[in-house]
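Containing PDB, C-alpha atoms: start-v1.pdb.
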ATOM      1  CA  MET R1007      23.130  10.422   2.551
ATOM      2  CA  ARG R1008      26.756   9.349   2.550
ATOM      3  CA  VAL R1009      28.565  12.403   3.851
ATOM      4  CA  ARG R1010      30.211  10.577   6.754
ATOM      5  CA  PRO R1011      30.096   6.818   6.107
ATOM      6  CA  ARG R1012      31.982   6.015   9.299
ATOM      7  CA  GLU R1013      28.923   7.263  11.219
ATOM      8  CA  ARG R1014      26.685   4.570   9.728
ATOM      9  CA  ARG R1015      25.537   1.617  11.765
ATOM     10  CA  PRO R1016      24.564  -1.158   9.317
ATOM     11  CA  GLN R1017      23.413  -3.445  12.144
ATOM     12  CA  SER R1018      20.747  -0.935  13.153
ATOM     13  CA  GLY R1019      17.240  -1.423  11.786
ATOM     14  CA  SER R1020      16.852   2.322  11.308
ATOM     15  CA  ALA R1021      20.162   2.864   9.522
ATOM     16  CA  LEU R1022      18.422   3.730   6.265
ATOM     17  CA  LEU R1023      16.326   6.547   7.662
ATOM     18  CA  SER R1024      17.378   9.866   6.234
ATOM     19  CA  SER R1025      16.688  11.617   9.531
ATOM     20  CA  TRP R1026      19.100   9.245  11.285
ATOM     21  CA  TYR R1027      21.779   9.877   8.661
ATOM     22  CA  ALA R1028      21.266  13.632   8.828
ATOM     23  CA  SER R1029      21.340  13.572  12.616
ATOM     24  CA  ARG R1030      24.587  11.620  12.716
ATOM     25  CA  ALA R1031      26.262  13.692  10.012
ATOM     26  CA  PHE R1032      25.018  17.209  10.754
ATOM     27  CA  GLY R1033      23.584  17.111  14.253
ATOM     28  CA  PRO R1034      20.223  16.550  15.909
ATOM     29  CA  LEU R1035      18.596  19.755  14.641
ATOM     30  CA  VAL R1036      19.122  18.835  10.972
ATOM     31  CA  GLY R1037      18.002  15.258  11.696
ATOM     32  CA  TRP R1038      14.849  16.518  13.375
ATOM     33  CA  MET R1039      14.130  18.898  10.480
ATOM     34  CA  GLY R1040      14.617  16.043   7.981
ATOM     35  CA  GLY R1041      12.245  13.774   9.869
ATOM     36  CA  TRP R1042       9.700  16.563  10.210
ATOM     37  CA  GLY R1043       9.964  17.354   6.496
ATOM     38  CA  ILE R1044       9.307  13.724   5.584
ATOM     39  CA  HIS R1045       6.343  13.673   7.966
ATOM     40  CA  ARG R1046       4.880  16.842   6.447
ATOM     41  CA  ARG R1047       5.410  15.567   2.902
ATOM     42  CA  ARG R1048       3.583  12.357   3.715
ATOM     43  CA  ARG R1049       0.808  14.283   5.446
ATOM     44  CA  ASP R1050       0.382  16.594   2.456
ATOM     45  CA  ARG R1051       0.504  13.704   0.007
ATOM     46  CA  ASP R1052      -1.861  11.415   1.905
ATOM     47  CA  GLY R1053      -4.280  14.109   2.984
ATOM     48  CA  GLN R1054      -6.349  13.412   6.050
ATOM     49  CA  PRO R1055      -6.069   9.660   6.568
ATOM     50  CA  GLY R1056      -8.826   9.364   9.182
ATOM     51  CA  PRO R1057     -11.797  10.770   7.263
ATOM     52  CA  ASP R1058     -10.578   9.233   4.005
ATOM     53  CA  ARG R1059     -10.379   5.746   5.528
ATOM     54  CA  GLY R1060     -13.819   6.214   7.055
ATOM     55  CA  ALA R1061     -15.365   7.328   3.759
ATOM     56  CA  TYR R1062     -13.728   4.421   1.885
ATOM     57  CA  SER R1063     -15.011   1.990   4.516
ATOM     58  CA  PHE R1064     -18.569   3.276   4.198
ATOM     59  CA  THR R1065     -18.362   3.149   0.394
ATOM     60  CA  PHE R1066     -17.041  -0.419   0.526
ATOM     61  CA  VAL R1067     -19.802  -1.571   2.879
ATOM     62  CA  GLY R1068     -22.345   0.222   0.694
ATOM     63  CA  ASP R1069     -21.044  -1.627  -2.380
ATOM     64  CA  LEU R1070     -21.610  -4.885  -0.519
ATOM     65  CA  GLY R1071     -25.305  -4.031  -0.274
ATOM     66  CA  TRP R1072     -25.739  -1.966   2.879
ATOM     67  CA  THR R1073     -26.868   1.192   1.077
ATOM     68  CA  SER R1074     -27.554   3.239   4.198
ATOM     69  CA  ALA R1075     -23.867   2.915   5.123
ATOM     70  CA  ALA R1076     -22.880   4.244   1.698
ATOM     71  CA  ASP R1077     -24.829   7.418   2.455
ATOM     72  CA  LEU R1078     -22.599   8.013   5.495
ATOM     73  CA  ALA R1079     -19.527   8.314   3.230
ATOM     74  CA  SER R1080     -20.560  11.857   2.332
ATOM     75  CA  SER R1081     -20.861  12.867   5.989
ATOM     76  CA  THR R1082     -17.715  14.505   7.321
ATOM     77  CA  LEU R1083     -18.677  13.740  10.912
ATOM     78  CA  TRP R1084     -19.291   9.992  10.447
ATOM     79  CA  SER R1085     -16.333   9.553   8.109
ATOM     80  CA  THR R1086     -14.114  11.157  10.743
ATOM     81  CA  VAL R1087     -15.582   8.967  13.505
ATOM     82  CA  ALA R1088     -14.997   5.818  11.433
ATOM     83  CA  GLY R1089     -11.480   7.008  10.575
ATOM     84  CA  VAL R1090     -10.658   7.579  14.236
ATOM     85  CA  ILE R1091     -11.941   4.080  15.010
ATOM     86  CA  TRP R1092      -9.633   2.678  12.291
ATOM     87  CA  ILE R1093      -6.680   4.589  13.767
ATOM     88  CA  VAL R1094      -7.482   3.336  17.284
ATOM     89  CA  VAL R1095      -7.761  -0.277  16.065
ATOM     90  CA  MET R1096      -4.477  -0.091  14.165
ATOM     91  CA  THR R1097      -2.754   1.587  17.106
ATOM     92  CA  TYR R1098      -3.986  -1.212  19.377
ATOM     93  CA  ILE R1099      -2.639  -3.826  16.961
ATOM     94  CA  CYS R1100       0.737  -2.075  17.000
ATOM     95  CA  TYR R1101       0.608  -1.857  20.798
ATOM     96  CA  ARG R1102      -0.109  -5.585  21.098
ATOM     97  CA  GLY R1103       3.134  -6.360  19.340
ATOM     98  CA  ILE R1104       4.686  -7.528  16.148
ATOM     99  CA  GLU R1105       3.416 -11.121  16.412
ATOM    100  CA  VAL R1106      -0.221 -10.004  16.250
ATOM    101  CA  SER R1107       0.621  -7.622  13.431
ATOM    102  CA  ALA R1108       2.464 -10.372  11.528
ATOM    103  CA  ARG R1109      -0.447 -12.807  11.894
ATOM    104  CA  LEU R1110      -2.863 -10.114  10.753
ATOM    105  CA  GLN R1111      -0.654  -9.363   7.747
ATOM    106  CA  TYR R1112      -0.540 -13.078   6.834
ATOM    107  CA  PHE R1113      -4.327 -13.223   7.004
ATOM    108  CA  LEU R1114      -4.766 -10.047   4.950
ATOM    109  CA  LEU R1115      -2.267 -11.198   2.306
ATOM    110  CA  GLY R1116      -3.968 -14.586   2.029
ATOM    111  CA  PHE R1117      -7.371 -12.921   1.772
ATOM    112  CA  GLU R1118      -6.049 -10.561  -0.896
ATOM    113  CA  VAL R1119      -4.658 -13.431  -2.986
ATOM    114  CA  ILE R1120      -7.935 -15.363  -2.700
ATOM    115  CA  ILE R1121      -9.952 -12.319  -3.796
ATOM    116  CA  LEU R1122      -7.550 -11.716  -6.700
ATOM    117  CA  VAL R1123      -7.933 -15.305  -7.902
ATOM    118  CA  VAL R1124     -11.745 -15.216  -7.564
ATOM    119  CA  ILE R1125     -12.040 -11.924  -9.459
ATOM    120  CA  SER R1126      -9.650 -13.153 -12.168
ATOM    121  CA  ILE R1127     -11.635 -16.354 -12.692
ATOM    122  CA  TYR R1128     -14.881 -14.385 -12.729
ATOM    123  CA  ALA R1129     -13.495 -11.967 -15.335
ATOM    124  CA  LEU R1130     -12.173 -14.779 -17.532
ATOM    125  CA  ILE R1131     -15.524 -16.585 -17.374
ATOM    126  CA  LYS R1132     -17.327 -13.403 -18.400
ATOM    127  CA  VAL R1133     -14.923 -12.830 -21.311
ATOM    128  CA  TYR R1134     -15.020 -16.396 -22.618
ATOM    129  CA  THR R1135     -18.825 -16.690 -22.308
ATOM    130  CA  SER R1136     -19.226 -13.392 -24.206
ATOM    131  CA  ASN R1137     -20.981 -11.730 -21.260
ATOM    132  CA  ALA R1138     -18.308  -9.058 -20.826
ATOM    133  CA  LEU R1139     -18.300  -5.541 -22.212
ATOM    134  CA  PRO R1140     -18.051  -5.255 -26.002
ATOM    135  CA  GLU R1141     -14.528  -3.824 -25.845
ATOM    136  CA  SER R1142     -13.273  -6.832 -23.836
ATOM    137  CA  ILE R1143     -10.729  -9.015 -25.611
ATOM    138  CA  HIS R1144      -9.646 -12.615 -25.155
ATOM    139  CA  PRO R1145      -6.328 -13.064 -23.327
ATOM    140  CA  SER R1146      -3.419 -14.334 -25.386
ATOM    141  CA  LEU R1147      -0.053 -15.853 -24.539
ATOM    142  CA  ALA R1148       1.487 -13.257 -26.873
ATOM    143  CA  TRP R1149       0.854 -10.674 -24.151
ATOM    144  CA  PHE R1150       3.743 -12.151 -22.176
ATOM    145  CA  TRP R1151       6.105 -11.321 -25.046
ATOM    146  CA  PRO R1152       5.167  -7.667 -25.573
ATOM    147  CA  ALA R1153       7.937  -6.883 -28.039
ATOM    148  CA  GLY R1154       6.425  -9.249 -30.587
ATOM    149  CA  LEU R1155       9.893 -10.444 -31.592
ATOM    150  CA  ASP R1156      11.053 -14.000 -31.869
ATOM    151  CA  PHE R1157      13.856 -15.309 -29.637
ATOM    152  CA  GLY R1158      16.532 -15.191 -32.356
ATOM    153  CA  THR R1159      15.859 -11.522 -33.082
ATOM    154  CA  VAL R1160      16.043 -10.638 -29.385
ATOM    155  CA  VAL R1161      19.401 -12.465 -29.021
ATOM    156  CA  ALA R1162      20.729 -10.693 -32.119
ATOM    157  CA  LEU R1163      19.664  -7.300 -30.757
ATOM    158  CA  ARG R1164      21.312  -7.919 -27.371
ATOM    159  CA  SER R1165      24.681  -8.818 -28.944
TER     160      SER R1165
END
Starting from the file, lay out its structure as structure tokens.
Amino acid sequence: MRVRPRERRPQSGSALLSSWYASRAFGPLVGWMGGWGIHRRRRDRDGQPGPDRGAYSFTFVGDLGWTSAADLASSTLWSTVAGVIWIVVMTYICYRGIEVSARLQYFLLGFEVIILVVISIYALIKVYTSNALPESIHPSLAWFWPAGLDFGTVVALRS
């Protein structure tokens, strides 16, 4: 929102928040309403994060082989309890400070990349050993040039 640019504070970490802009330009009531509207939109879009996170956790653990945990995913009570535990853990991590959160994020990103590589190698092995689904196809370098045009044609089209 650029109604009153002189009110902006680019050195502030929260300068891009619409509620901050609205508050500076139109007053605290409009800023509060903007922040509340964003909160409600996120709440409506994301649903109930606690029970959803709990149900996903139980489903994930069930997929790893603990089938009795997978049965708890359909229970509203236990999904809510697990979701509240997730919220408490994440709140504690935030309370501990940004250094703990940053280290946790580094770990999670590294873990995610490792899992991605393992799953990709596993999928490629299945495809190339013909153990994949019948509709699976062999990867091709042509996929990285989706237009199917040669370089000269692309240069001619851009001119």
Correct to one decimal, the distance atom CA of Pro1145 of chain R-atom CA of Ile1131 of chain R is 11.5 Å
Fill in: Minimum-distance residue to Ser1081 of chain R, chosen among R:Ala1031, R:Ala1061, R:Val1133, R:Ile1125 (using only C-alpha atoms)
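Ranked by minimum distance to Ser1081 of chain R, first place goes to R:Ala1061.
Across the model, the gap from atom CA of Lys1132 of chain R to atom CA of Ser1146 of chain R is 15.6 Å.
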Given the file shown, determine the residues that the PyMOL selection byres ((chain R and resi 1090) around 12) selects; report them as a PyMOL selection string. chain R and resi 1054-1061+1083-1089+1091-1097
Here atom CA of Phe1066 of chain R and atom CA of Leu1122 of chain R stand apart by 16.4 Å
Please write out, as JSON, where the centre of an axis-aligned box around all listed atoms of segment 1140-1150 of chain R lies and how long its edges are, in Å to one decimal, after adding 6 Å on each side.
{"center_x": -7.2, "center_y": -9.8, "center_z": -24.5, "size_x": 33.8, "size_y": 24.0, "size_z": 16.7}
